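The data block below is upload.cif; it holds mmCIF, C-alpha atoms.
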data_coords
loop_
_atom_site.group_PDB
_atom_site.id
_atom_site.type_symbol
_atom_site.label_atom_id
_atom_site.label_comp_id
_atom_site.auth_asym_id
_atom_site.auth_seq_id
_atom_site.Cartn_x
_atom_site.Cartn_y
_atom_site.Cartn_z
ATOM 1 C CA MET O 19 35.582 4.212 101.494
ATOM 2 C CA HIS O 20 38.670 2.527 100.161
ATOM 3 C CA ARG O 21 36.682 1.210 97.212
ATOM 4 C CA ALA O 22 35.373 4.705 96.307
ATOM 5 C CA VAL O 23 38.858 6.262 96.425
ATOM 6 C CA SER O 24 40.211 3.501 94.251
ATOM 7 C CA SER O 25 37.462 4.028 91.685
ATOM 8 C CA VAL O 26 38.149 7.740 91.521
ATOM 9 C CA VAL O 27 41.876 7.124 91.001
ATOM 10 C CA GLU O 28 41.177 4.655 88.160
ATOM 11 C CA ARG O 29 38.921 7.173 86.381
ATOM 12 C CA LEU O 30 41.534 9.939 86.684
ATOM 13 C CA VAL O 31 44.306 7.723 85.286
ATOM 14 C CA TYR O 32 42.067 6.596 82.325
ATOM 15 C CA THR O 33 41.196 10.175 81.525
ATOM 16 C CA GLU O 34 44.810 11.306 81.476
ATOM 17 C CA VAL O 35 45.878 8.513 79.173
ATOM 18 C CA ALA O 36 42.925 9.096 76.811
ATOM 19 C CA VAL O 37 43.596 12.798 76.393
ATOM 20 C CA GLY O 38 47.351 12.351 76.051
ATOM 21 C CA SER O 39 48.406 13.999 79.299
ATOM 22 C CA ASN O 40 50.638 11.030 79.988
ATOM 23 C CA PRO O 41 53.240 9.777 77.510
ATOM 24 C CA SER O 42 52.225 6.820 75.318
ATOM 25 C CA PRO O 43 53.500 3.451 76.365
ATOM 26 C CA PRO O 44 56.751 2.472 74.680
ATOM 27 C CA ILE O 45 56.459 0.602 71.353
ATOM 28 C CA PRO O 46 57.990 -2.829 71.651
ATOM 29 C CA GLU O 47 61.113 -3.444 69.594
ATOM 30 C CA PHE O 48 61.276 -6.524 67.325
ATOM 31 C CA PRO O 49 64.509 -8.136 66.314
ATOM 32 C CA THR O 50 65.851 -7.189 62.889
ATOM 33 C CA VAL O 51 66.133 -10.111 60.467
ATOM 34 C CA PRO O 52 69.298 -10.066 58.341
ATOM 35 C CA LEU O 53 68.764 -9.624 54.586
ATOM 36 C CA SER O 54 70.305 -12.999 53.889
ATOM 37 C CA GLU O 55 67.681 -14.695 56.031
ATOM 38 C CA ARG O 56 64.612 -12.881 54.747
ATOM 39 C CA VAL O 57 61.956 -14.844 52.779
ATOM 40 C CA PRO O 58 61.405 -13.429 49.251
ATOM 41 C CA VAL O 59 58.302 -11.286 49.037
ATOM 42 C CA VAL O 60 55.549 -12.925 46.941
ATOM 43 C CA GLU O 61 53.364 -10.613 44.822
ATOM 44 C CA GLY O 62 49.953 -9.972 46.378
ATOM 45 C CA THR O 63 46.947 -12.012 45.292
ATOM 46 C CA GLU O 64 45.081 -8.897 44.166
ATOM 47 C CA ASN O 65 47.908 -7.942 41.814
ATOM 48 C CA LEU O 66 47.955 -11.429 40.321
ATOM 49 C CA ARG O 67 44.192 -11.399 39.808
ATOM 50 C CA GLY O 68 44.387 -8.013 38.128
ATOM 51 C CA LYS O 69 47.058 -9.161 35.704
ATOM 52 C CA THR O 70 45.108 -12.361 34.909
ATOM 53 C CA GLN O 71 41.949 -10.409 34.205
ATOM 54 C CA GLY O 72 43.893 -8.008 32.023
ATOM 55 C CA LYS O 73 45.234 -10.861 29.913
ATOM 56 C CA ALA O 74 41.735 -12.352 29.612
ATOM 57 C CA TRP O 75 40.275 -9.053 28.390
ATOM 58 C CA ALA O 76 43.123 -8.655 25.924
ATOM 59 C CA LEU O 77 42.383 -12.145 24.568
ATOM 60 C CA ILE O 78 38.645 -11.386 24.287
ATOM 61 C CA ILE O 79 39.243 -8.072 22.532
ATOM 62 C CA GLY O 80 41.743 -9.677 20.144
ATOM 63 C CA THR O 81 39.281 -12.440 19.309
ATOM 64 C CA LEU O 82 36.481 -9.937 18.703
ATOM 65 C CA MET O 83 38.722 -7.940 16.375
ATOM 66 C CA VAL O 84 39.128 -11.090 14.265
ATOM 67 C CA ILE O 85 35.527 -12.348 14.439
ATOM 68 C CA LEU O 86 33.629 -9.057 14.134
ATOM 69 C CA PRO O 87 34.791 -8.203 10.594
ATOM 70 C CA LEU O 88 33.892 -11.737 9.494
ATOM 71 C CA PHE O 89 30.464 -11.433 11.110
ATOM 72 C CA LEU O 90 29.837 -8.056 9.481
ATOM 73 C CA ALA O 91 30.956 -9.455 6.135
ATOM 74 C CA LEU O 92 28.515 -12.318 6.577
ATOM 75 C CA LEU O 93 25.678 -9.892 7.258
ATOM 76 C CA ALA O 94 26.611 -7.935 4.153
ATOM 77 C CA SER O 95 27.106 -11.020 1.989
ATOM 78 C CA PRO O 96 24.906 -11.449 -1.084
ATOM 79 C CA ARG O 97 21.496 -13.058 -0.608
ATOM 80 C CA PRO O 98 20.630 -14.401 -4.078
ATOM 81 C CA VAL O 99 16.976 -14.762 -5.052
ATOM 82 C CA ALA O 100 14.942 -16.405 -7.801
ATOM 83 C CA LEU O 101 11.620 -15.381 -9.323
ATOM 84 C CA THR O 102 9.121 -17.635 -11.048
ATOM 85 C CA TYR O 103 6.821 -16.314 -13.776
ATOM 86 C CA HIS O 104 4.035 -18.231 -15.477
ATOM 87 C CA ASP O 105 2.237 -16.894 -18.544
ATOM 88 C CA VAL O 106 3.050 -13.534 -20.126
ATOM 89 C CA THR O 107 -0.068 -12.399 -21.924
ATOM 90 C CA PRO O 108 -1.685 -9.095 -23.024
ATOM 91 C CA ARG O 109 -4.836 -9.904 -21.045
ATOM 92 C CA LYS O 110 -4.596 -11.174 -17.484
ATOM 93 C CA THR O 111 -7.209 -13.712 -16.444
ATOM 94 C CA VAL O 112 -5.602 -15.243 -13.314
ATOM 95 C CA TRP O 113 -3.385 -13.883 -10.572
ATOM 96 C CA PHE O 114 -0.173 -15.432 -11.910
ATOM 97 C CA ASP O 115 -0.475 -13.807 -15.350
ATOM 98 C CA CYS O 116 1.883 -10.994 -16.230
ATOM 99 C CA THR O 117 1.392 -8.518 -19.070
ATOM 100 C CA PRO O 118 4.284 -7.669 -21.407
ATOM 101 C CA SER O 119 4.411 -4.103 -20.044
ATOM 102 C CA GLU O 120 4.494 -5.357 -16.460
ATOM 103 C CA PHE O 121 7.263 -7.785 -17.290
ATOM 104 C CA ARG O 122 9.324 -5.064 -18.947
ATOM 105 C CA SER O 123 8.819 -2.625 -16.075
ATOM 106 C CA GLN O 124 9.812 -5.266 -13.517
ATOM 107 C CA ILE O 125 12.986 -6.182 -15.398
ATOM 108 C CA ASP O 126 13.789 -2.461 -15.754
ATOM 109 C CA ALA O 127 13.221 -1.836 -12.036
ATOM 110 C CA MET O 128 15.331 -4.800 -10.987
ATOM 111 C CA ALA O 129 18.175 -3.779 -13.277
ATOM 112 C CA LYS O 130 18.025 -0.211 -11.972
ATOM 113 C CA ALA O 131 18.176 -1.540 -8.398
ATOM 114 C CA GLY O 132 21.419 -3.359 -9.217
ATOM 115 C CA ALA O 133 20.150 -6.856 -9.981
ATOM 116 C CA ARG O 134 22.649 -9.192 -11.640
ATOM 117 C CA PHE O 135 20.718 -11.770 -13.633
ATOM 118 C CA VAL O 136 22.203 -15.268 -13.368
ATOM 119 C CA SER O 137 21.645 -18.649 -15.001
ATOM 120 C CA LEU O 138 20.719 -21.912 -13.295
ATOM 121 C CA ALA O 139 24.235 -23.168 -14.040
ATOM 122 C CA GLN O 140 25.566 -20.276 -11.937
ATOM 123 C CA VAL O 141 23.094 -21.116 -9.175
ATOM 124 C CA GLU O 142 24.296 -24.730 -9.235
ATOM 125 C CA ALA O 143 27.905 -23.537 -9.040
ATOM 126 C CA ALA O 144 26.989 -21.423 -6.022
ATOM 127 C CA TYR O 145 25.706 -24.506 -4.213
ATOM 128 C CA ARG O 146 29.073 -26.089 -4.974
ATOM 129 C CA GLY O 147 30.962 -23.214 -3.394
ATOM 130 C CA ARG O 148 31.382 -20.575 -6.113
ATOM 131 C CA PRO O 149 29.803 -17.313 -4.863
ATOM 132 C CA LEU O 150 27.217 -15.492 -6.929
ATOM 133 C CA PRO O 151 27.591 -11.764 -7.591
ATOM 134 C CA THR O 152 25.968 -9.278 -5.273
ATOM 135 C CA GLY O 153 22.363 -8.695 -6.315
ATOM 136 C CA ALA O 154 22.039 -12.064 -8.067
ATOM 137 C CA VAL O 155 18.541 -12.778 -9.429
ATOM 138 C CA ALA O 156 17.537 -15.913 -11.336
ATOM 139 C CA ILE O 157 14.555 -15.483 -13.679
ATOM 140 C CA THR O 158 12.519 -18.660 -14.200
ATOM 141 C CA PHE O 159 9.250 -19.570 -15.931
ATOM 142 C CA ALA O 160 6.803 -22.388 -15.335
ATOM 143 C CA ASP O 161 4.382 -24.405 -17.473
ATOM 144 C CA ASN O 162 5.902 -23.954 -20.954
ATOM 145 C CA TYR O 163 3.390 -21.311 -22.112
ATOM 146 C CA ARG O 164 3.849 -19.849 -25.596
ATOM 147 C CA GLY O 165 3.340 -16.398 -24.066
ATOM 148 C CA PHE O 166 6.924 -16.649 -22.865
ATOM 149 C CA LEU O 167 8.151 -17.156 -26.418
ATOM 150 C CA ASN O 168 6.001 -14.349 -27.827
ATOM 151 C CA TYR O 169 6.411 -11.638 -25.183
ATOM 152 C CA ALA O 170 9.101 -12.350 -22.573
ATOM 153 C CA TYR O 171 11.889 -14.065 -24.476
ATOM 154 C CA PRO O 172 12.412 -11.297 -27.082
ATOM 155 C CA LEU O 173 13.107 -8.800 -24.271
ATOM 156 C CA LEU O 174 15.387 -11.201 -22.414
ATOM 157 C CA LYS O 175 17.239 -12.089 -25.603
ATOM 158 C CA ALA O 176 17.757 -8.442 -26.544
ATOM 159 C CA ARG O 177 19.279 -7.749 -23.129
ATOM 160 C CA ARG O 178 21.159 -11.056 -22.870
ATOM 161 C CA ILE O 179 19.405 -11.955 -19.623
ATOM 162 C CA PRO O 180 19.619 -15.684 -18.810
ATOM 163 C CA CYS O 181 16.424 -17.468 -17.835
ATOM 164 C CA ALA O 182 14.931 -20.926 -17.407
ATOM 165 C CA MET O 183 11.742 -22.649 -18.574
ATOM 166 C CA PHE O 184 10.363 -25.568 -16.548
ATOM 167 C CA VAL O 185 8.378 -27.922 -18.774
ATOM 168 C CA HIS O 186 5.761 -30.571 -17.962
ATOM 169 C CA THR O 187 6.608 -32.954 -20.764
ATOM 170 C CA GLY O 188 3.180 -34.559 -21.040
ATOM 171 C CA PHE O 189 1.752 -31.305 -22.437
ATOM 172 C CA VAL O 190 4.467 -30.149 -24.859
ATOM 173 C CA GLY O 191 2.798 -28.731 -27.985
ATOM 174 C CA SER O 192 -0.707 -28.895 -26.489
ATOM 175 C CA LYS O 193 -3.213 -26.355 -27.812
ATOM 176 C CA ALA O 194 -5.802 -27.115 -25.126
ATOM 177 C CA GLY O 195 -6.392 -24.155 -22.861
ATOM 178 C CA ARG O 196 -3.317 -21.973 -23.063
ATOM 179 C CA PRO O 197 -1.057 -23.104 -25.916
ATOM 180 C CA LYS O 198 2.262 -24.703 -24.959
ATOM 181 C CA MET O 199 5.542 -24.535 -26.829
ATOM 182 C CA THR O 200 6.429 -27.410 -29.128
ATOM 183 C CA TRP O 201 9.506 -29.621 -29.003
ATOM 184 C CA ALA O 202 10.915 -27.766 -32.000
ATOM 185 C CA GLU O 203 10.542 -24.436 -30.203
ATOM 186 C CA LEU O 204 12.105 -25.805 -27.043
ATOM 187 C CA GLN O 205 15.005 -27.208 -29.066
ATOM 188 C CA ARG O 206 15.587 -23.785 -30.630
ATOM 189 C CA LEU O 207 15.575 -22.098 -27.231
ATOM 190 C CA ASP O 208 17.995 -24.690 -25.918
ATOM 191 C CA ARG O 209 20.399 -24.255 -28.848
ATOM 192 C CA GLU O 210 20.509 -20.487 -28.436
ATOM 193 C CA GLY O 211 21.855 -21.046 -24.938
ATOM 194 C CA LEU O 212 20.170 -18.191 -23.105
ATOM 195 C CA CYS O 213 17.188 -20.183 -21.816
ATOM 196 C CA THR O 214 17.759 -23.325 -19.759
ATOM 197 C CA VAL O 215 15.059 -25.886 -20.538
ATOM 198 C CA ALA O 216 14.330 -27.957 -17.434
ATOM 199 C CA SER O 217 11.833 -30.402 -15.938
ATOM 200 C CA GLN O 218 8.523 -29.789 -14.220
ATOM 201 C CA THR O 219 7.573 -33.502 -14.216
ATOM 202 C CA VAL O 220 5.275 -35.173 -16.759
ATOM 203 C CA THR O 221 1.748 -34.368 -15.611
ATOM 204 C CA HIS O 222 2.221 -31.363 -13.293
ATOM 205 C CA ARG O 223 0.541 -33.144 -10.378
ATOM 206 C CA SER O 224 1.542 -32.114 -6.848
ATOM 207 C CA LEU O 225 4.232 -34.604 -5.941
ATOM 208 C CA ASP O 226 3.560 -34.680 -2.207
ATOM 209 C CA ALA O 227 0.169 -36.291 -2.946
ATOM 210 C CA LEU O 228 1.664 -39.191 -4.951
ATOM 211 C CA SER O 229 3.116 -42.548 -4.001
ATOM 212 C CA ASP O 230 6.869 -43.040 -3.946
ATOM 213 C CA ASP O 231 6.740 -44.977 -7.238
ATOM 214 C CA GLU O 232 4.633 -42.279 -8.899
ATOM 215 C CA ILE O 233 7.061 -39.585 -7.770
ATOM 216 C CA ASP O 234 9.977 -41.521 -9.219
ATOM 217 C CA ARG O 235 8.187 -42.006 -12.565
ATOM 218 C CA GLU O 236 7.222 -38.347 -12.840
ATOM 219 C CA LEU O 237 10.801 -37.220 -12.294
ATOM 220 C CA ARG O 238 12.490 -39.978 -14.279
ATOM 221 C CA ASP O 239 10.219 -39.948 -17.333
ATOM 222 C CA SER O 240 10.222 -36.162 -17.654
ATOM 223 C CA LYS O 241 14.004 -36.063 -17.460
ATOM 224 C CA ALA O 242 14.318 -38.837 -20.041
ATOM 225 C CA ALA O 243 11.942 -37.115 -22.496
ATOM 226 C CA LEU O 244 13.756 -33.793 -22.250
ATOM 227 C CA GLU O 245 17.162 -35.406 -22.683
ATOM 228 C CA ALA O 246 15.962 -37.377 -25.696
ATOM 229 C CA HIS O 247 14.712 -34.248 -27.473
ATOM 230 C CA LEU O 248 17.465 -31.863 -26.388
ATOM 231 C CA GLY O 249 20.390 -34.242 -26.720
ATOM 232 C CA HIS O 250 22.113 -33.520 -23.413
ATOM 233 C CA PRO O 251 21.651 -34.119 -19.653
ATOM 234 C CA VAL O 252 18.901 -32.176 -17.875
ATOM 235 C CA ARG O 253 20.007 -31.159 -14.404
ATOM 236 C CA TYR O 254 17.196 -29.021 -12.984
ATOM 237 C CA LEU O 255 13.696 -29.658 -11.684
ATOM 238 C CA ALA O 256 10.811 -27.536 -10.381
ATOM 239 C CA TYR O 257 8.239 -29.112 -8.091
ATOM 240 C CA PRO O 258 4.755 -28.510 -9.580
ATOM 241 C CA ASN O 259 2.810 -26.004 -7.479
ATOM 242 C CA GLY O 260 5.873 -25.763 -5.255
ATOM 243 C CA ALA O 261 4.679 -28.880 -3.375
ATOM 244 C CA TYR O 262 7.319 -31.309 -2.101
ATOM 245 C CA ASP O 263 8.387 -33.366 0.893
ATOM 246 C CA ALA O 264 11.401 -35.390 1.995
ATOM 247 C CA GLN O 265 10.548 -38.220 -0.425
ATOM 248 C CA CYS O 266 10.426 -35.755 -3.335
ATOM 249 C CA GLU O 267 13.859 -34.448 -2.413
ATOM 250 C CA ALA O 268 15.233 -37.965 -2.160
ATOM 251 C CA SER O 269 13.754 -38.891 -5.544
ATOM 252 C CA ALA O 270 15.148 -35.739 -7.164
ATOM 253 C CA ARG O 271 18.591 -36.561 -5.845
ATOM 254 C CA GLY O 272 18.365 -40.206 -6.815
ATOM 255 C CA THR O 273 17.105 -39.435 -10.325
ATOM 256 C CA GLY O 274 20.163 -37.325 -11.043
ATOM 257 C CA TYR O 275 18.961 -33.741 -10.748
ATOM 258 C CA ALA O 276 21.480 -31.248 -9.398
ATOM 259 C CA LEU O 277 18.896 -28.705 -8.196
ATOM 260 C CA ALA O 278 15.190 -28.839 -7.422
ATOM 261 C CA PHE O 279 13.168 -25.630 -7.027
ATOM 262 C CA ALA O 280 10.273 -24.952 -4.678
ATOM 263 C CA GLU O 281 8.210 -21.770 -4.295
ATOM 264 C CA VAL O 282 9.178 -20.533 -0.842
ATOM 265 C CA GLN O 283 9.264 -16.752 -0.592
ATOM 266 C CA ARG O 284 12.790 -16.137 0.645
ATOM 267 C CA PRO O 285 16.409 -15.941 -0.608
ATOM 268 C CA PHE O 286 18.346 -19.101 -1.387
ATOM 269 C CA GLY O 287 18.939 -21.407 1.543
ATOM 270 C CA LYS O 288 21.374 -24.294 1.896
ATOM 271 C CA ASP O 289 19.332 -27.163 0.460
ATOM 272 C CA PRO O 290 19.915 -27.680 -3.296
ATOM 273 C CA TYR O 291 16.780 -29.853 -3.441
ATOM 274 C CA ALA O 292 14.507 -27.176 -1.998
ATOM 275 C CA VAL O 293 15.781 -24.034 -3.715
ATOM 276 C CA GLU O 294 13.584 -21.085 -2.813
ATOM 277 C CA ARG O 295 11.776 -18.948 -5.399
ATOM 278 C CA TYR O 296 9.478 -15.964 -5.128
ATOM 279 C CA VAL O 297 6.385 -15.758 -7.309
ATOM 280 C CA HIS O 298 6.793 -12.815 -9.661
ATOM 281 C CA THR O 299 4.138 -10.740 -7.865
ATOM 282 C CA LYS O 300 6.569 -10.644 -4.896
ATOM 283 C CA TRP O 301 9.466 -9.213 -6.883
ATOM 284 C CA ARG O 302 9.672 -6.077 -4.707
ATOM 285 C CA GLN O 303 9.848 -8.190 -1.565
ATOM 286 C CA ALA O 304 12.532 -10.319 -3.208
ATOM 287 C CA LEU O 305 14.711 -7.267 -3.809
ATOM 288 C CA ARG O 306 14.172 -6.012 -0.249
ATOM 289 C CA ASP O 307 15.074 -9.396 1.203
ATOM 290 C CA ALA O 308 18.145 -9.655 -1.014
ATOM 291 C CA ARG O 309 19.476 -6.367 0.420
ATOM 292 C CA ARG O 310 18.933 -7.217 4.123
#
For the structure just supplied, provide its representation as structure tokens.
Amino acid sequence: MHRAVSSVVERLVYTEVAVGSNPSPPIPEFPTVPLSERVPVVEGTENLRGKTQGKAWALIIGTLMVILPLFLALLASPRPVALTYHDVTPRKTVWFDCTPSEFRSQIDAMAKAGARFVSLAQVEAAYRGRPLPTGAVAITFADNYRGFLNYAYPLLKARRIPCAMFVHTGFVGSKAGRPKMTWAELQRLDREGLCTVASQTVTHRSLDALSDDEIDRELRDSKAALEAHLGHPVRYLAYPNGAYDAQCEASARGTGYALAFAEVQRPFGKDPYAVERYVHTKWRQALRDARR
């Protein structure tokens, strides 16, 4: 009985306190600390983290503002290209032939698209740090065919477009098959200054199939023959058939060439002893790649 009454009393008291019928218990008083004895308030951790993150974002944004224009300029920087032609002839018999009308129309189209025709000396300077103009295109020829002299050179000369002719010296003046230019004709081209006469070895064999000694002889003897007939150093080489390997590059460098050209279908890269060139049938692709 006593237990039941006590339970009822406890429930009544709990209910009154819960609903607020009784006053709340007094709030305990704490002693006031004098101002002189108070510990300085340290800024909250969250505030410090926020300020640190803000400084980090400001640094990132500032860095991006410096780097982004440089990156965009790099994307928009010129991508110079080179083309290689072979014979220019009224009647095409192989895929690498080009008719005079085709050659003219290609030069016209490239000029209209904003091409800036450059010499091999300018290409060499670019590899030494002097930028080429936007839209730079180097026009080169292989194999020393007389079709160049008869059909391509008059157009290039009239428009003052620089070009280059790569010569395999063992066949200069040959009338077998397709006639080749003579030493006298090459000397005249060289004196006029518009066409750079350069090396394409002696025999036009693919260098990557030769021994190290044979590679050296092909590059050395061709260079010596050209220099003897032209009367000045010859600085440029084209690998026959575009074939080369690390030994060919090393030989080209050791023999004293400043540039060596391959036939890889893309704009100029960074290696002066594997300078890329498009075959002339890819001239449209070359212009598209140059503008990317």
Self-check item: For Arg284 (chain O): contacts at 12 Å, all atoms listed in the file, fewer than 4 positions along chain excluded, given as a list in words
Solution: Arg97, Pro98, Val99, Ala100, Leu101, Ala280, Lys288, Ala292, Val293, Glu294, Arg295, Tyr296, Val297, Lys300, Trp301, Arg302, Gln303, Ala304, Leu305, Arg306, Asp307, Ala308, Arg309 and Arg310 of chain O
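Under the PyMOL selection byres ((chain O and resi 261) around 10), the matching residues in the shown file are Arg223, Ser224, Leu225, Asp226, Ala227, Ala256, Tyr257, Pro258, Asn259, Gly260, Tyr262, Asp263, Cys266, Phe279, Ala280, Glu281 and Val282 of chain O.
Neighbours of Pro197 (chain O) closer than or equal to 12 Å, with all atoms listed in the file counted and sequence neighbours fewer than 6 positions away skipped, come out as Asp105, Val106, Thr107, Asp161, Asn162, Tyr163, Arg164, Gly165, Phe166, Leu167, Asn168, Phe189, Val190 and Gly191 of chain O.
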Residues as selected, C-alpha atoms, written as a PDB file, keeping the file's coordinate frame, can you do that?
ATOM      1  CA  ASP O 105       2.237 -16.894 -18.544  1.00  0.00           C
ATOM      2  CA  VAL O 106       3.050 -13.534 -20.126  1.00  0.00           C
ATOM      3  CA  THR O 107      -0.068 -12.399 -21.924  1.00  0.00           C
ATOM      4  CA  ASP O 161       4.382 -24.405 -17.473  1.00  0.00           C
ATOM      5  CA  ASN O 162       5.902 -23.954 -20.954  1.00  0.00           C
ATOM      6  CA  TYR O 163       3.390 -21.311 -22.112  1.00  0.00           C
ATOM      7  CA  ARG O 164       3.849 -19.849 -25.596  1.00  0.00           C
ATOM      8  CA  GLY O 165       3.340 -16.398 -24.066  1.00  0.00           C
ATOM      9  CA  PHE O 166       6.924 -16.649 -22.865  1.00  0.00           C
ATOM     10  CA  LEU O 167       8.151 -17.156 -26.418  1.00  0.00           C
ATOM     11  CA  ASN O 168       6.001 -14.349 -27.827  1.00  0.00           C
ATOM     12  CA  PHE O 189       1.752 -31.305 -22.437  1.00  0.00           C
ATOM     13  CA  VAL O 190       4.467 -30.149 -24.859  1.00  0.00           C
ATOM     14  CA  GLY O 191       2.798 -28.731 -27.985  1.00  0.00           C
TER      15      GLY O 191
END
Exercise. Apply the PyMOL selection byres ((chain O and resi 152-158) around 6) to the structure shown and report the selected residues as a PyMOL selection string.
Key: chain O and resi 96+98-102+133-136+151+159+181-183
Exercise. Would you mind listing what lies within 12 Å of Arg146 (chain O) as a list in words, with all atoms listed in the file counted and same-chain residues fewer than 3 positions away left out?
Key: Ala139, Gln140, Val141, Glu142, Ala143, Pro149, Leu150, Ala276, Leu277, Lys288, Asp289 and Pro290 of chain O
Quiz item: So what do you get for CA of His250 (chain O) versus CA of Thr200 (chain O), distance-wise?
Solution: 17.8 Å
Quiz item: Closest to Cys116 (chain O) among O:Thr299, O:Gly132, O:Asp208, O:Ala278, using all atoms listed in the file?
Solution: O:Thr299
